[in-house]
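Shown here: work27.cif, mmCIF, N, CA and C atoms.
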data_work
loop_
_atom_site.group_PDB
_atom_site.id
_atom_site.type_symbol
_atom_site.label_atom_id
_atom_site.label_comp_id
_atom_site.auth_asym_id
_atom_site.auth_seq_id
_atom_site.Cartn_x
_atom_site.Cartn_y
_atom_site.Cartn_z
ATOM 1 N N MET A 315 -22.773 28.654 -107.860
ATOM 2 C CA MET A 315 -21.540 29.116 -108.461
ATOM 3 C C MET A 315 -20.698 27.922 -108.893
ATOM 4 N N LYS A 316 -19.920 28.143 -109.912
ATOM 5 C CA LYS A 316 -19.054 27.094 -110.452
ATOM 6 C C LYS A 316 -17.596 27.445 -110.217
ATOM 7 N N CYS A 317 -16.773 26.412 -110.269
ATOM 8 C CA CYS A 317 -15.324 26.553 -110.161
ATOM 9 C C CYS A 317 -14.737 26.004 -111.454
ATOM 10 N N VAL A 318 -13.804 26.743 -112.043
ATOM 11 C CA VAL A 318 -13.155 26.316 -113.283
ATOM 12 C C VAL A 318 -11.669 26.146 -113.009
ATOM 13 N N LEU A 319 -11.147 24.956 -113.321
ATOM 14 C CA LEU A 319 -9.737 24.641 -113.110
ATOM 15 C C LEU A 319 -9.021 24.603 -114.451
ATOM 16 N N LEU A 320 -7.904 25.315 -114.535
ATOM 17 C CA LEU A 320 -7.098 25.335 -115.757
ATOM 18 C C LEU A 320 -5.795 24.588 -115.532
ATOM 19 N N PHE A 321 -5.384 23.838 -116.533
ATOM 20 C CA PHE A 321 -4.162 23.058 -116.468
ATOM 21 C C PHE A 321 -3.278 23.415 -117.645
ATOM 22 N N SER A 322 -2.028 23.000 -117.579
ATOM 23 C CA SER A 322 -1.089 23.333 -118.656
ATOM 24 C C SER A 322 -1.082 22.309 -119.783
ATOM 25 N N SER A 323 -1.786 21.187 -119.612
ATOM 26 C CA SER A 323 -1.808 20.189 -120.689
ATOM 27 C C SER A 323 -3.125 19.424 -120.704
ATOM 28 N N VAL A 324 -3.462 18.918 -121.880
ATOM 29 C CA VAL A 324 -4.655 18.099 -122.030
ATOM 30 C C VAL A 324 -4.519 16.826 -121.197
ATOM 31 N N HIS A 325 -3.292 16.292 -121.094
ATOM 32 C CA HIS A 325 -3.057 15.090 -120.295
ATOM 33 C C HIS A 325 -3.510 15.310 -118.845
ATOM 34 N N GLN A 326 -3.165 16.447 -118.255
ATOM 35 C CA GLN A 326 -3.577 16.738 -116.875
ATOM 36 C C GLN A 326 -5.094 16.864 -116.778
ATOM 37 N N VAL A 327 -5.719 17.461 -117.772
ATOM 38 C CA VAL A 327 -7.175 17.602 -117.777
ATOM 39 C C VAL A 327 -7.832 16.227 -117.790
ATOM 40 N N MET A 328 -7.372 15.344 -118.670
ATOM 41 C CA MET A 328 -7.975 14.016 -118.795
ATOM 42 C C MET A 328 -7.756 13.184 -117.527
ATOM 43 N N ARG A 329 -6.556 13.273 -116.955
ATOM 44 C CA ARG A 329 -6.267 12.544 -115.722
ATOM 45 C C ARG A 329 -7.142 13.061 -114.579
ATOM 46 N N THR A 330 -7.291 14.376 -114.508
ATOM 47 C CA THR A 330 -8.130 14.983 -113.476
ATOM 48 C C THR A 330 -9.579 14.540 -113.627
ATOM 49 N N GLU A 331 -10.088 14.579 -114.841
ATOM 50 C CA GLU A 331 -11.467 14.149 -115.087
ATOM 51 C C GLU A 331 -11.675 12.714 -114.609
ATOM 52 N N LYS A 332 -10.770 11.834 -114.976
ATOM 53 C CA LYS A 332 -10.891 10.424 -114.602
ATOM 54 C C LYS A 332 -10.859 10.243 -113.081
ATOM 55 N N LEU A 333 -9.876 10.867 -112.429
ATOM 56 C CA LEU A 333 -9.750 10.730 -110.971
ATOM 57 C C LEU A 333 -10.984 11.244 -110.237
ATOM 58 N N LEU A 334 -11.441 12.426 -110.627
ATOM 59 C CA LEU A 334 -12.568 13.024 -109.918
ATOM 60 C C LEU A 334 -13.859 12.239 -110.138
ATOM 61 N N LYS A 335 -14.077 11.775 -111.357
ATOM 62 C CA LYS A 335 -15.277 10.972 -111.625
ATOM 63 C C LYS A 335 -15.238 9.661 -110.852
ATOM 64 N N GLU A 336 -14.044 9.043 -110.733
ATOM 65 C CA GLU A 336 -13.914 7.810 -109.952
ATOM 66 C C GLU A 336 -14.273 8.037 -108.485
ATOM 67 N N LYS A 337 -14.056 9.258 -107.996
ATOM 68 C CA LYS A 337 -14.354 9.599 -106.602
ATOM 69 C C LYS A 337 -15.759 10.169 -106.442
ATOM 70 N N GLY A 338 -16.557 10.139 -107.512
ATOM 71 C CA GLY A 338 -17.946 10.566 -107.429
ATOM 72 C C GLY A 338 -18.172 12.065 -107.542
ATOM 73 N N ILE A 339 -17.180 12.789 -108.015
ATOM 74 C CA ILE A 339 -17.333 14.228 -108.193
ATOM 75 C C ILE A 339 -17.766 14.501 -109.622
ATOM 76 N N GLU A 340 -18.859 15.226 -109.767
ATOM 77 C CA GLU A 340 -19.379 15.549 -111.089
ATOM 78 C C GLU A 340 -18.560 16.678 -111.702
ATOM 79 N N VAL A 341 -17.998 16.430 -112.869
ATOM 80 C CA VAL A 341 -17.196 17.426 -113.573
ATOM 81 C C VAL A 341 -17.634 17.491 -115.030
ATOM 82 N N ASP A 342 -17.385 18.632 -115.627
ATOM 83 C CA ASP A 342 -17.597 18.811 -117.058
ATOM 84 C C ASP A 342 -16.313 19.342 -117.654
ATOM 85 N N LEU A 343 -15.999 18.894 -118.853
ATOM 86 C CA LEU A 343 -14.888 19.474 -119.602
ATOM 87 C C LEU A 343 -15.480 20.555 -120.486
ATOM 88 N N ILE A 344 -14.876 21.740 -120.428
ATOM 89 C CA ILE A 344 -15.384 22.869 -121.190
ATOM 90 C C ILE A 344 -14.224 23.534 -121.936
ATOM 91 N N PRO A 345 -14.520 24.236 -123.020
ATOM 92 C CA PRO A 345 -13.448 25.021 -123.648
ATOM 93 C C PRO A 345 -13.025 26.117 -122.673
ATOM 94 N N VAL A 346 -11.750 26.455 -122.664
ATOM 95 C CA VAL A 346 -11.295 27.535 -121.789
ATOM 96 C C VAL A 346 -12.024 28.810 -122.230
ATOM 97 N N PRO A 347 -12.707 29.462 -121.301
ATOM 98 C CA PRO A 347 -13.438 30.685 -121.653
ATOM 99 C C PRO A 347 -12.514 31.738 -122.259
ATOM 100 N N ARG A 348 -13.059 32.536 -123.173
ATOM 101 C CA ARG A 348 -12.280 33.548 -123.877
ATOM 102 C C ARG A 348 -11.604 34.535 -122.947
ATOM 103 N N ASP A 349 -12.264 34.875 -121.837
ATOM 104 C CA ASP A 349 -11.678 35.869 -120.936
ATOM 105 C C ASP A 349 -10.664 35.270 -119.970
ATOM 106 N N ILE A 350 -10.366 33.978 -120.124
ATOM 107 C CA ILE A 350 -9.319 33.314 -119.342
ATOM 108 C C ILE A 350 -8.356 32.701 -120.350
ATOM 109 N N SER A 351 -7.071 32.849 -120.136
ATOM 110 C CA SER A 351 -6.131 32.223 -121.061
ATOM 111 C C SER A 351 -5.390 31.087 -120.378
ATOM 112 N N SER A 352 -4.929 30.139 -121.168
ATOM 113 C CA SER A 352 -4.190 28.994 -120.645
ATOM 114 C C SER A 352 -3.429 28.354 -121.789
ATOM 115 N N ASP A 353 -2.461 27.521 -121.445
ATOM 116 C CA ASP A 353 -1.710 26.795 -122.460
ATOM 117 C C ASP A 353 -2.545 25.679 -123.080
ATOM 118 N N CYS A 354 -3.572 25.274 -122.391
ATOM 119 C CA CYS A 354 -4.418 24.168 -122.822
ATOM 120 C C CYS A 354 -5.798 24.725 -123.145
ATOM 121 N N GLY A 355 -6.454 24.209 -124.167
ATOM 122 C CA GLY A 355 -7.752 24.732 -124.575
ATOM 123 C C GLY A 355 -8.939 24.133 -123.867
ATOM 124 N N ILE A 356 -8.706 23.215 -122.914
ATOM 125 C CA ILE A 356 -9.792 22.556 -122.201
ATOM 126 C C ILE A 356 -9.641 22.821 -120.709
ATOM 127 N N ALA A 357 -10.771 23.073 -120.053
ATOM 128 C CA ALA A 357 -10.783 23.310 -118.614
ATOM 129 C C ALA A 357 -11.743 22.330 -117.952
ATOM 130 N N VAL A 358 -11.607 22.184 -116.639
ATOM 131 C CA VAL A 358 -12.492 21.338 -115.847
ATOM 132 C C VAL A 358 -13.410 22.258 -115.045
ATOM 133 N N GLU A 359 -14.711 22.017 -115.156
ATOM 134 C CA GLU A 359 -15.686 22.809 -114.412
ATOM 135 C C GLU A 359 -16.385 21.908 -113.399
ATOM 136 N N LEU A 360 -16.511 22.388 -112.180
ATOM 137 C CA LEU A 360 -17.186 21.644 -111.131
ATOM 138 C C LEU A 360 -17.876 22.619 -110.196
ATOM 139 N N SER A 361 -18.694 22.093 -109.313
ATOM 140 C CA SER A 361 -19.401 22.956 -108.369
ATOM 141 C C SER A 361 -18.445 23.454 -107.288
ATOM 142 N N ARG A 362 -18.748 24.608 -106.744
ATOM 143 C CA ARG A 362 -17.929 25.150 -105.648
ATOM 144 C C ARG A 362 -17.976 24.209 -104.438
ATOM 145 N N GLU A 363 -19.085 23.513 -104.260
ATOM 146 C CA GLU A 363 -19.222 22.577 -103.140
ATOM 147 C C GLU A 363 -18.228 21.425 -103.246
ATOM 148 N N SER A 364 -17.844 21.066 -104.458
ATOM 149 C CA SER A 364 -16.912 19.954 -104.692
ATOM 150 C C SER A 364 -15.456 20.401 -104.752
ATOM 151 N N GLU A 365 -15.221 21.698 -104.775
ATOM 152 C CA GLU A 365 -13.884 22.224 -105.023
ATOM 153 C C GLU A 365 -12.840 21.725 -104.033
ATOM 154 N N GLU A 366 -13.096 21.831 -102.743
ATOM 155 C CA GLU A 366 -12.093 21.449 -101.741
ATOM 156 C C GLU A 366 -11.740 19.969 -101.840
ATOM 157 N N LYS A 367 -12.753 19.120 -101.974
ATOM 158 C CA LYS A 367 -12.511 17.681 -102.100
ATOM 159 C C LYS A 367 -11.713 17.382 -103.376
ATOM 160 N N ALA A 368 -12.072 18.046 -104.466
ATOM 161 C CA ALA A 368 -11.383 17.827 -105.737
ATOM 162 C C ALA A 368 -9.917 18.230 -105.648
ATOM 163 N N LEU A 369 -9.643 19.381 -105.053
ATOM 164 C CA LEU A 369 -8.260 19.846 -104.940
ATOM 165 C C LEU A 369 -7.432 18.935 -104.043
ATOM 166 N N LEU A 370 -8.045 18.395 -103.005
ATOM 167 C CA LEU A 370 -7.345 17.448 -102.139
ATOM 168 C C LEU A 370 -6.993 16.171 -102.913
ATOM 169 N N ILE A 371 -7.913 15.686 -103.727
ATOM 170 C CA ILE A 371 -7.655 14.496 -104.553
ATOM 171 C C ILE A 371 -6.495 14.770 -105.517
ATOM 172 N N LEU A 372 -6.480 15.960 -106.114
ATOM 173 C CA LEU A 372 -5.392 16.304 -107.033
ATOM 174 C C LEU A 372 -4.059 16.348 -106.305
ATOM 175 N N LYS A 373 -4.056 16.920 -105.122
ATOM 176 C CA LYS A 373 -2.826 16.995 -104.330
ATOM 177 C C LYS A 373 -2.331 15.596 -103.971
ATOM 178 N N GLU A 374 -3.237 14.726 -103.526
ATOM 179 C CA GLU A 374 -2.876 13.353 -103.153
ATOM 180 C C GLU A 374 -2.313 12.574 -104.341
ATOM 181 N N ASN A 375 -2.743 12.912 -105.540
ATOM 182 C CA ASN A 375 -2.302 12.212 -106.740
ATOM 183 C C ASN A 375 -1.195 12.955 -107.489
ATOM 184 N N LYS A 376 -0.616 13.942 -106.809
ATOM 185 C CA LYS A 376 0.533 14.682 -107.327
ATOM 186 C C LYS A 376 0.282 15.332 -108.689
ATOM 187 N N ILE A 377 -0.936 15.853 -108.863
ATOM 188 C CA ILE A 377 -1.246 16.628 -110.057
ATOM 189 C C ILE A 377 -1.002 18.079 -109.708
ATOM 190 N N SER A 378 -0.214 18.753 -110.532
ATOM 191 C CA SER A 378 0.130 20.153 -110.276
ATOM 192 C C SER A 378 -1.127 20.967 -109.994
ATOM 193 N N MET A 379 -1.025 21.814 -108.983
ATOM 194 C CA MET A 379 -2.178 22.619 -108.613
ATOM 195 C C MET A 379 -2.544 23.545 -109.768
ATOM 196 N N PRO A 380 -3.783 23.489 -110.167
ATOM 197 C CA PRO A 380 -4.220 24.283 -111.308
ATOM 198 C C PRO A 380 -4.510 25.733 -110.918
ATOM 199 N N GLU A 381 -4.694 26.550 -111.942
ATOM 200 C CA GLU A 381 -5.254 27.870 -111.702
ATOM 201 C C GLU A 381 -6.736 27.639 -111.446
ATOM 202 N N CYS A 382 -7.281 28.380 -110.521
ATOM 203 C CA CYS A 382 -8.678 28.169 -110.146
ATOM 204 C C CYS A 382 -9.432 29.485 -110.283
ATOM 205 N N TYR A 383 -10.562 29.426 -110.964
ATOM 206 C CA TYR A 383 -11.411 30.594 -111.165
ATOM 207 C C TYR A 383 -12.811 30.270 -110.667
ATOM 208 N N THR A 384 -13.496 31.278 -110.162
ATOM 209 C CA THR A 384 -14.903 31.113 -109.829
ATOM 210 C C THR A 384 -15.727 31.769 -110.927
ATOM 211 N N LYS A 385 -16.875 31.183 -111.172
ATOM 212 C CA LYS A 385 -17.786 31.691 -112.194
ATOM 213 C C LYS A 385 -19.076 32.075 -111.491
ATOM 214 N N ASP A 386 -19.443 33.352 -111.572
ATOM 215 C CA ASP A 386 -20.659 33.788 -110.887
ATOM 216 C C ASP A 386 -21.894 33.530 -111.753
ATOM 217 N N SER A 387 -23.047 33.873 -111.230
ATOM 218 C CA SER A 387 -24.313 33.594 -111.917
ATOM 219 C C SER A 387 -24.456 34.365 -113.228
ATOM 220 N N ARG A 388 -23.662 35.414 -113.405
ATOM 221 C CA ARG A 388 -23.695 36.179 -114.655
ATOM 222 C C ARG A 388 -22.674 35.674 -115.670
ATOM 223 N N GLY A 389 -21.904 34.641 -115.285
ATOM 224 C CA GLY A 389 -20.920 34.064 -116.198
ATOM 225 C C GLY A 389 -19.571 34.755 -116.184
ATOM 226 N N ARG A 390 -19.333 35.631 -115.207
ATOM 227 C CA ARG A 390 -18.045 36.320 -115.104
ATOM 228 C C ARG A 390 -17.088 35.484 -114.269
ATOM 229 N N PHE A 391 -15.809 35.548 -114.620
ATOM 230 C CA PHE A 391 -14.789 34.754 -113.959
ATOM 231 C C PHE A 391 -13.878 35.631 -113.117
ATOM 232 N N GLU A 392 -13.483 35.093 -111.961
ATOM 233 C CA GLU A 392 -12.536 35.776 -111.092
ATOM 234 C C GLU A 392 -11.515 34.758 -110.616
ATOM 235 N N LYS A 393 -10.235 35.083 -110.784
ATOM 236 C CA LYS A 393 -9.177 34.171 -110.362
ATOM 237 C C LYS A 393 -9.100 34.142 -108.846
ATOM 238 N N ARG A 394 -9.007 32.932 -108.308
ATOM 239 C CA ARG A 394 -8.844 32.772 -106.866
ATOM 240 C C ARG A 394 -7.404 33.089 -106.527
ATOM 241 N N LYS A 395 -7.204 33.953 -105.543
ATOM 242 C CA LYS A 395 -5.851 34.342 -105.165
ATOM 243 C C LYS A 395 -5.114 33.223 -104.440
ATOM 244 N N GLU A 396 -5.807 32.546 -103.555
ATOM 245 C CA GLU A 396 -5.192 31.454 -102.796
ATOM 246 C C GLU A 396 -6.124 30.261 -102.819
ATOM 247 N N ILE A 397 -5.533 29.109 -102.933
ATOM 248 C CA ILE A 397 -6.311 27.877 -102.863
ATOM 249 C C ILE A 397 -5.933 27.214 -101.537
ATOM 250 N N GLN A 398 -6.871 27.178 -100.631
ATOM 251 C CA GLN A 398 -6.653 26.570 -99.326
ATOM 252 C C GLN A 398 -7.163 25.131 -99.345
ATOM 253 N N ILE A 399 -6.312 24.212 -98.935
ATOM 254 C CA ILE A 399 -6.717 22.806 -98.857
ATOM 255 C C ILE A 399 -6.558 22.356 -97.424
ATOM 256 N N LYS A 400 -7.659 21.924 -96.826
ATOM 257 C CA LYS A 400 -7.604 21.401 -95.457
ATOM 258 C C LYS A 400 -7.306 19.919 -95.522
ATOM 259 N N VAL A 401 -6.273 19.513 -94.824
ATOM 260 C CA VAL A 401 -5.879 18.090 -94.837
ATOM 261 C C VAL A 401 -6.301 17.442 -93.542
#

Structure translated into structure tokens:
Amino acid sequence: MKCVLLFSSVHQVMRTEKLLKEKGIEVDLIPVPRDISSDCGIAVELSRESEEKALLILKENKISMPECYTKDSRGRFEKRKEIQIKV
């Protein structure tokens, strides 16, 4: 399963990509899927296994917490109600 993070600006997407790649987290930039809307047309996609570490890195670097969606094997998206970060 994949995790898709949405941000309100391209600047946040680019900063997130750079930070996560520097920390060894594999990410892809993807167009925001049609069934998800956002102010920005680019989203960050990463594995669910990397999600908690990635969100902690974003929090430590004071990047606004994004909207987070999970993508199942059929390509359907579901918004995560709560994002839990263990510190």

Given 5 Å of margin on each side, can you work out the centre and size in Å (one decimal) of an axis-aligned box holding every listed atom of range 324-341 of chain A, as AutoDock Vina command-line options?
--center_x -11.2 --center_y 13.4 --center_z -114.2 --size_x 26.3 --size_y 21.1 --size_z 25.6

**Report entry** DSSP alpha helix (DSSP H) residues within range 335-388 of chain A, as a ChimeraX atom specification
**Finding:** /A:335-336,362-374

**Report entry** Matched chain/residue IDs from the PyMOL selection byres (((chain A and resi 339-351 and name CA) around 10) and name CA), as JSON, numbers by chain
**Finding:** {"A": [317, 318, 319, 320, 321, 327, 328, 330, 331, 332, 333, 334, 335, 336, 337, 338, 352, 353, 354, 355, 356, 357, 358, 359, 360, 361, 363, 364, 365, 367, 368, 383, 389, 390, 391, 392, 393]}

Report task. Just list the residues in chain A DSSP gives strand (DSSP E or B) on the backbone, as an NGL selection string. Result -> :A and (316-320 or 341-345 or 356-361 or 381-385 or 391-393)

Report task. Using atom N of Lys373 in chain A and CA of Arg388 in chain A as the two end points, give the distance in Å to one decimal. Result ->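 We find that atom N of Lys373 in chain A and CA of Arg388 in chain A lie 29.1 Å from each other.
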
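Picture a line from CA of Met379 in chain A to CA of His325 in chain A; it runs 13.9 Å.
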
Query raised in the report: What is the atom C of Pro380 in chain A to CA of Arg362 in chain A distance in Å?
Result: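 About the pair atom C of Pro380 in chain A and CA of Arg362 in chain A: they are 14.4 Å apart.
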